[in-house]
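Listing of start_38.tsv, TSV, C-alpha atoms
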```tsv
chain	number	residue	atom	x	y	z
G	1	MET	CA	28.13	259.00	177.38
G	2	SER	CA	27.05	258.23	173.80
G	3	LYS	CA	25.16	255.11	172.75
G	4	ARG	CA	28.28	253.84	170.97
G	5	GLN	CA	30.39	254.20	174.10
G	6	LYS	CA	27.75	252.36	176.14
G	7	LYS	CA	27.69	249.61	173.55
G	8	TYR	CA	31.45	249.06	173.72
G	9	ARG	CA	31.40	249.15	177.52
G	10	SER	CA	28.60	246.62	177.86
G	11	ALA	CA	30.17	244.29	175.29
G	12	ALA	CA	33.50	244.46	177.09
G	13	ARG	CA	31.94	243.66	180.45
G	14	ALA	CA	30.25	240.61	178.97
G	15	ALA	CA	33.41	239.33	177.24
G	16	GLY	CA	36.13	240.58	179.57
G	17	ALA	CA	35.00	239.38	183.00
G	18	GLY	CA	33.98	242.83	184.21
G	19	ILE	CA	36.89	244.78	182.73
G	20	VAL	CA	35.73	247.98	181.09
G	21	VAL	CA	37.07	248.48	177.56
G	22	GLU	CA	36.78	251.78	175.75
G	23	LYS	CA	37.38	252.13	172.04
G	24	THR	CA	37.07	255.89	172.20
G	25	PRO	CA	40.32	257.85	172.72
G	26	ARG	CA	41.45	258.30	176.32
G	27	ALA	CA	44.56	260.16	177.42
G	28	ALA	CA	47.17	257.94	179.05
G	29	VAL	CA	48.63	259.17	182.32
G	30	PRO	CA	52.29	260.18	181.72
G	31	ALA	CA	54.75	257.80	183.34
G	32	GLU	CA	56.58	260.68	185.06
G	33	THR	CA	53.36	261.82	186.69
G	34	ALA	CA	52.50	258.31	187.88
G	35	ARG	CA	55.96	257.72	189.33
G	36	ARG	CA	56.01	261.12	191.04
G	37	ARG	CA	52.63	260.46	192.66
G	38	LEU	CA	53.76	257.02	193.80
G	39	HIS	CA	56.95	258.41	195.32
G	40	GLY	CA	54.90	261.09	197.07
G	41	GLY	CA	52.49	258.52	198.47
G	42	THR	CA	55.39	256.36	199.65
G	43	ALA	CA	56.98	259.36	201.37
G	44	VAL	CA	53.71	260.24	203.13
G	45	LEU	CA	53.22	256.65	204.30
G	46	GLY	CA	56.81	256.46	205.52
G	47	GLY	CA	56.49	259.78	207.33
G	48	VAL	CA	53.29	258.78	209.09
G	49	VAL	CA	54.67	255.40	210.11
G	50	GLY	CA	57.97	256.90	211.23
G	51	GLY	CA	56.22	259.59	213.26
G	52	ALA	CA	53.97	257.04	214.95
G	53	ILE	CA	57.08	255.14	216.05
G	54	VAL	CA	59.51	257.92	216.92
G	55	VAL	CA	57.29	260.56	218.56
G	56	PRO	CA	55.74	258.33	221.28
G	57	ALA	CA	59.15	256.76	221.94
G	58	LEU	CA	60.73	260.19	222.47
G	59	LEU	CA	57.84	261.31	224.68
G	60	GLU	CA	58.34	258.23	226.83
G	61	ARG	CA	62.10	258.69	226.90
G	62	PHE	CA	61.87	262.27	228.18
G	63	GLY	CA	59.12	261.52	230.69
G	64	ALA	CA	56.25	263.22	228.88
G	65	MET	CA	54.39	259.90	228.97
G	66	ARG	CA	54.92	257.01	231.34
G	67	SER	CA	54.76	254.01	229.03
G	68	GLY	CA	52.94	252.49	226.09
G	69	ALA	CA	55.04	253.79	223.19
G	70	TRP	CA	55.11	250.26	221.78
G	71	VAL	CA	51.36	250.32	221.10
G	72	PRO	CA	51.36	253.00	218.35
G	73	ALA	CA	54.60	251.46	217.05
G	74	MET	CA	52.86	248.11	216.66
G	75	PHE	CA	49.94	249.65	214.80
G	76	ALA	CA	52.37	251.64	212.67
G	77	GLY	CA	54.02	248.40	211.61
G	78	LEU	CA	50.64	246.91	210.70
G	79	ALA	CA	49.76	250.08	208.78
G	80	LEU	CA	53.00	249.77	206.83
G	81	ALA	CA	52.27	246.12	205.98
G	82	LEU	CA	48.83	247.05	204.69
G	83	GLY	CA	49.75	250.42	203.19
G	84	ILE	CA	52.50	249.31	200.82
G	85	PRO	CA	50.27	246.95	198.77
G	86	LEU	CA	47.52	249.58	198.83
G	87	LEU	CA	49.78	252.00	196.94
G	88	TYR	CA	49.65	249.64	193.94
G	89	THR	CA	46.06	248.38	194.23
G	90	THR	CA	43.80	249.32	191.33
G	91	PHE	CA	40.19	250.48	191.23
G	92	ARG	CA	37.95	250.54	188.13
G	93	PRO	CA	40.56	249.48	185.54
G	94	VAL	CA	39.84	250.56	181.96
G	95	ARG	CA	41.41	249.08	178.82
G	96	HIS	CA	41.85	251.56	175.97
G	97	GLY	CA	44.17	252.70	173.21
G	98	PRO	CA	45.18	250.89	169.99
G	99	GLY	CA	44.43	247.20	170.44
G	100	TRP	CA	43.34	247.97	174.02
G	101	GLN	CA	47.01	247.71	175.02
G	102	LEU	CA	46.79	250.46	177.64
G	103	LEU	CA	45.41	249.89	181.12
G	104	THR	CA	44.42	252.93	183.16
G	105	ALA	CA	43.20	252.45	186.72
G	106	ARG	CA	42.58	254.52	189.79
G	107	THR	CA	44.94	254.18	192.74
G	108	VAL	CA	45.20	255.94	196.08
G	109	THR	CA	47.80	258.24	194.51
G	110	GLY	CA	45.73	259.02	191.40
G	111	ASN	CA	45.23	257.48	187.98
G	112	ARG	CA	48.03	255.37	186.55
G	113	THR	CA	48.54	253.88	183.06
G	114	VAL	CA	50.48	250.68	182.25
G	115	ASP	CA	51.30	249.65	178.69
G	116	LEU	CA	50.37	245.95	178.61
G	117	SER	CA	52.24	245.45	175.33
G	118	LYS	CA	55.54	246.51	176.94
G	119	LEU	CA	55.57	244.64	180.23
G	120	THR	CA	58.97	243.89	181.76
G	121	GLN	CA	58.01	242.10	185.00
G	122	ILE	CA	55.08	240.03	186.24
G	123	ARG	CA	54.81	238.63	189.77
G	124	ARG	CA	51.97	236.93	191.56
G	125	VAL	CA	50.71	238.07	194.95
G	126	ARG	CA	48.27	236.04	197.06
G	127	VAL	CA	46.62	237.65	200.06
G	128	PRO	CA	43.97	236.23	202.43
G	129	SER	CA	40.43	237.61	202.24
G	130	LYS	CA	36.96	236.74	203.53
G	131	GLU	CA	36.27	234.71	200.38
G	132	GLY	CA	39.59	232.85	200.50
G	133	TRP	CA	42.87	233.61	198.81
G	134	LEU	CA	42.87	236.63	196.48
G	135	ASP	CA	45.12	236.34	193.44
G	136	GLN	CA	46.66	239.52	192.06
G	137	PHE	CA	49.50	240.18	189.65
G	138	TRP	CA	52.19	242.82	190.14
G	139	ILE	CA	52.94	244.16	186.66
G	140	LYS	CA	55.57	246.67	185.56
G	141	ASP	CA	56.08	248.14	182.10
G	142	CYS	CA	59.21	249.46	180.43
G	143	ARG	CA	58.53	252.98	181.73
G	144	GLY	CA	58.63	251.84	185.35
G	145	VAL	CA	54.89	252.15	186.04
G	146	VAL	CA	53.55	249.47	188.40
G	147	LEU	CA	50.04	248.19	189.19
G	148	LEU	CA	48.41	245.29	191.03
G	149	VAL	CA	45.78	243.76	188.75
G	150	ASP	CA	43.46	240.77	188.60
G	151	LYS	CA	44.13	237.76	186.42
G	152	GLU	CA	41.38	238.72	183.96
G	153	VAL	CA	43.35	241.80	182.92
G	154	LEU	CA	46.08	239.55	181.51
G	155	MET	CA	44.26	236.36	180.59
G	156	GLY	CA	40.62	237.25	179.88
G	157	PRO	CA	39.01	236.72	176.46
G	158	ILE	CA	40.26	240.15	175.45
G	159	GLY	CA	43.41	240.11	177.60
G	160	GLN	CA	44.62	236.88	175.99
G	161	ALA	CA	45.72	238.84	172.90
G	162	VAL	CA	47.78	241.15	175.08
G	163	VAL	CA	49.46	238.20	176.73
G	164	HIS	CA	50.52	236.82	173.36
G	165	SER	CA	51.69	240.19	172.04
G	166	SER	CA	53.78	240.69	175.19
G	167	GLY	CA	55.55	237.40	174.56
G	168	ILE	CA	54.47	235.88	177.86
G	169	SER	CA	52.97	232.77	176.33
G	170	GLY	CA	55.65	230.65	174.71
G	171	SER	CA	58.86	232.66	174.42
G	172	LEU	CA	59.01	235.03	177.39
G	173	GLY	CA	61.40	237.42	175.66
G	174	THR	CA	62.32	240.37	177.88
G	175	VAL	CA	59.42	239.83	180.25
G	176	LYS	CA	60.59	238.60	183.67
G	177	ILE	CA	57.83	236.41	185.02
G	178	SER	CA	58.11	234.54	188.29
G	179	ARG	CA	57.37	230.84	188.43
G	180	HIS	CA	54.47	231.50	190.78
G	181	ALA	CA	53.00	234.01	188.30
G	182	ALA	CA	53.47	231.61	185.38
G	183	VAL	CA	51.48	228.96	187.25
G	184	GLY	CA	48.76	231.46	188.08
G	185	LEU	CA	48.46	232.49	184.44
G	186	GLY	CA	48.29	228.90	183.28
G	187	LEU	CA	51.63	229.00	181.46
G	188	ASN	CA	53.20	226.27	183.64
G	189	GLU	CA	51.58	223.14	185.05
G	190	PRO	CA	52.20	222.95	188.82
G	191	SER	CA	53.23	219.68	190.42
G	192	THR	CA	51.58	218.26	193.54
G	193	VAL	CA	54.66	219.07	195.59
G	194	TYR	CA	54.63	222.66	194.32
G	195	ARG	CA	50.94	223.07	195.21
G	196	ALA	CA	51.52	221.82	198.76
G	197	ALA	CA	54.63	223.95	199.26
G	198	ARG	CA	52.90	227.02	197.87
G	199	ALA	CA	49.87	226.56	200.09
G	200	CYS	CA	52.10	226.38	203.17
G	201	ALA	CA	54.10	229.41	202.05
G	202	ASP	CA	50.96	231.47	201.40
G	203	ALA	CA	49.56	230.65	204.82
G	204	LEU	CA	52.83	231.48	206.59
G	205	LEU	CA	53.43	234.68	204.66
G	206	GLY	CA	49.86	235.87	205.05
G	207	ILE	CA	49.95	235.39	208.81
G	208	LEU	CA	53.59	236.01	209.74
G	209	THR	CA	54.45	238.98	207.51
G	210	PRO	CA	52.14	241.54	209.20
G	211	GLY	CA	53.19	240.26	212.62
G	212	ALA	CA	56.87	240.46	211.75
G	213	ILE	CA	56.58	244.05	210.50
G	214	ALA	CA	54.60	244.99	213.63
G	215	ALA	CA	57.36	243.44	215.74
G	216	LEU	CA	59.95	245.49	213.85
G	217	GLY	CA	57.95	248.61	214.66
G	218	ILE	CA	58.01	247.73	218.36
G	219	LEU	CA	61.76	247.05	218.19
G	220	ALA	CA	62.38	250.42	216.50
G	221	SER	CA	60.36	252.13	219.22
G	222	GLN	CA	62.34	250.44	221.98
G	223	LEU	CA	65.65	251.34	220.35
G	224	THR	CA	64.56	254.97	219.96
G	225	ARG	CA	63.42	255.13	223.59
G	226	SER	CA	66.65	253.68	224.94
G	227	ALA	CA	69.10	255.45	222.60
```

Translate the structure described by the file into structure tokens.
Amino acid sequence: MSKRQKKYRSAARAAGAGIVVEKTPRAAVPAETARRRLHGGTAVLGGVVGGAIVVPALLERFGAMRSGAWVPAMFAGLALALGIPLLYTTFRPVRHGPGWQLLTARTVTGNRTVDLSKLTQIRRVRVPSKEGWLDQFWIKDCRGVVLLVDKEVLMGPIGQAVVHSSGISGSLGTVKISRHAAVGLGLNEPSTVYRAARACADALLGILTPGAIAALGILASQLTRSA
């Protein structure tokens, strides 16, 4: 890495809340490649989860195992609940391109590039963690590429310009932004009632959603065993 590249990287980390910004040219990942990798990862996850539910249920049905098919089915449901968000989670995001409008990040299915100047949807996702609630934003551009990113990507000292150029602040234009995301980005002022309702909803969703999907896995196993 040249001294100039190091200079831009260090300046970006200081001004962009840890987001790496590169002024040097970087090839964007084609949208077709990103979507194909995502579809492949989704198919693999679905196959693994489906196999963990169906195979033990069939073994129990035909007497190859006595009981307990519901156990792998339960863990398969939990794996599905955790695996779907993981397909969109980003690692080491890098801003680059003209005006730093492009965001390339690593995912479990490979590198993926989102054009921040052509966003079509923004949603807010809150998940529980050891440090409290973790805020992330589900973003999708006009090419259909999707990532889960931190707030700083959209609203940091450097990201603020991207927010304005995307039309999120003020006139939303063609960008579909949820009310929850607008509050998280500071575009709407939440009321006291909204804060209380949202806190309850986050707690319920964070606790009940994995359990509900695990229960669905157990139900699918029982239906397969008794079919």

Using CA of Gly206 (chain G) and CA of Phe75 (chain G) as the two end points, give the distance in Å to one decimal.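 Separation between CA of Gly206 (chain G) and CA of Phe75 (chain G): 16.9 Å.
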
Using all atoms listed in the file and a cutoff of 10 Å, can you tell me which residues are near (49.9, 257.7, 203.5) in the file's coordinates, and write them out as a short mmCIF file (atom, residue, chain, number, x, y, z; two decimals) with C-alpha atoms, keeping the file's coordinate frame?
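Here's the written file result-v6.cif:
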```cif
data_model
loop_
_atom_site.label_atom_id
_atom_site.label_comp_id
_atom_site.auth_asym_id
_atom_site.auth_seq_id
_atom_site.Cartn_x
_atom_site.Cartn_y
_atom_site.Cartn_z
CA GLY G 40 54.90 261.09 197.07
CA GLY G 41 52.49 258.52 198.47
CA THR G 42 55.39 256.36 199.65
CA ALA G 43 56.98 259.36 201.37
CA VAL G 44 53.71 260.24 203.13
CA LEU G 45 53.22 256.65 204.30
CA GLY G 46 56.81 256.46 205.52
CA GLY G 47 56.49 259.78 207.33
CA VAL G 48 53.29 258.78 209.09
CA VAL G 49 54.67 255.40 210.11
CA ALA G 79 49.76 250.08 208.78
CA LEU G 80 53.00 249.77 206.83
CA GLY G 83 49.75 250.42 203.19
CA ILE G 84 52.50 249.31 200.82
CA LEU G 86 47.52 249.58 198.83
CA LEU G 87 49.78 252.00 196.94
CA VAL G 108 45.20 255.94 196.08
CA THR G 109 47.80 258.24 194.51
#
```

If you count only C-alpha atoms, which residues fall within 8 Å of Lys140 (chain G), apart from same-chain ones fewer than 2 positions away, as a PyMOL selection string? chain G and resi 114+119-122+138+142-147

Could you check which of G:Ile177, G:Ala105, G:Ala52, G:Val94 is closest to Ile139 (chain G), using only C-alpha atoms?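 So, comparing all the options, the nearest one is G:Ile177.
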
Check the smallest atom-to-atom distance from each of G:Ile207, G:Ala76, G:Ala199, G:Val183 to Leu219 (chain G) using all atoms listed in the file, then report the winner. G:Ala76
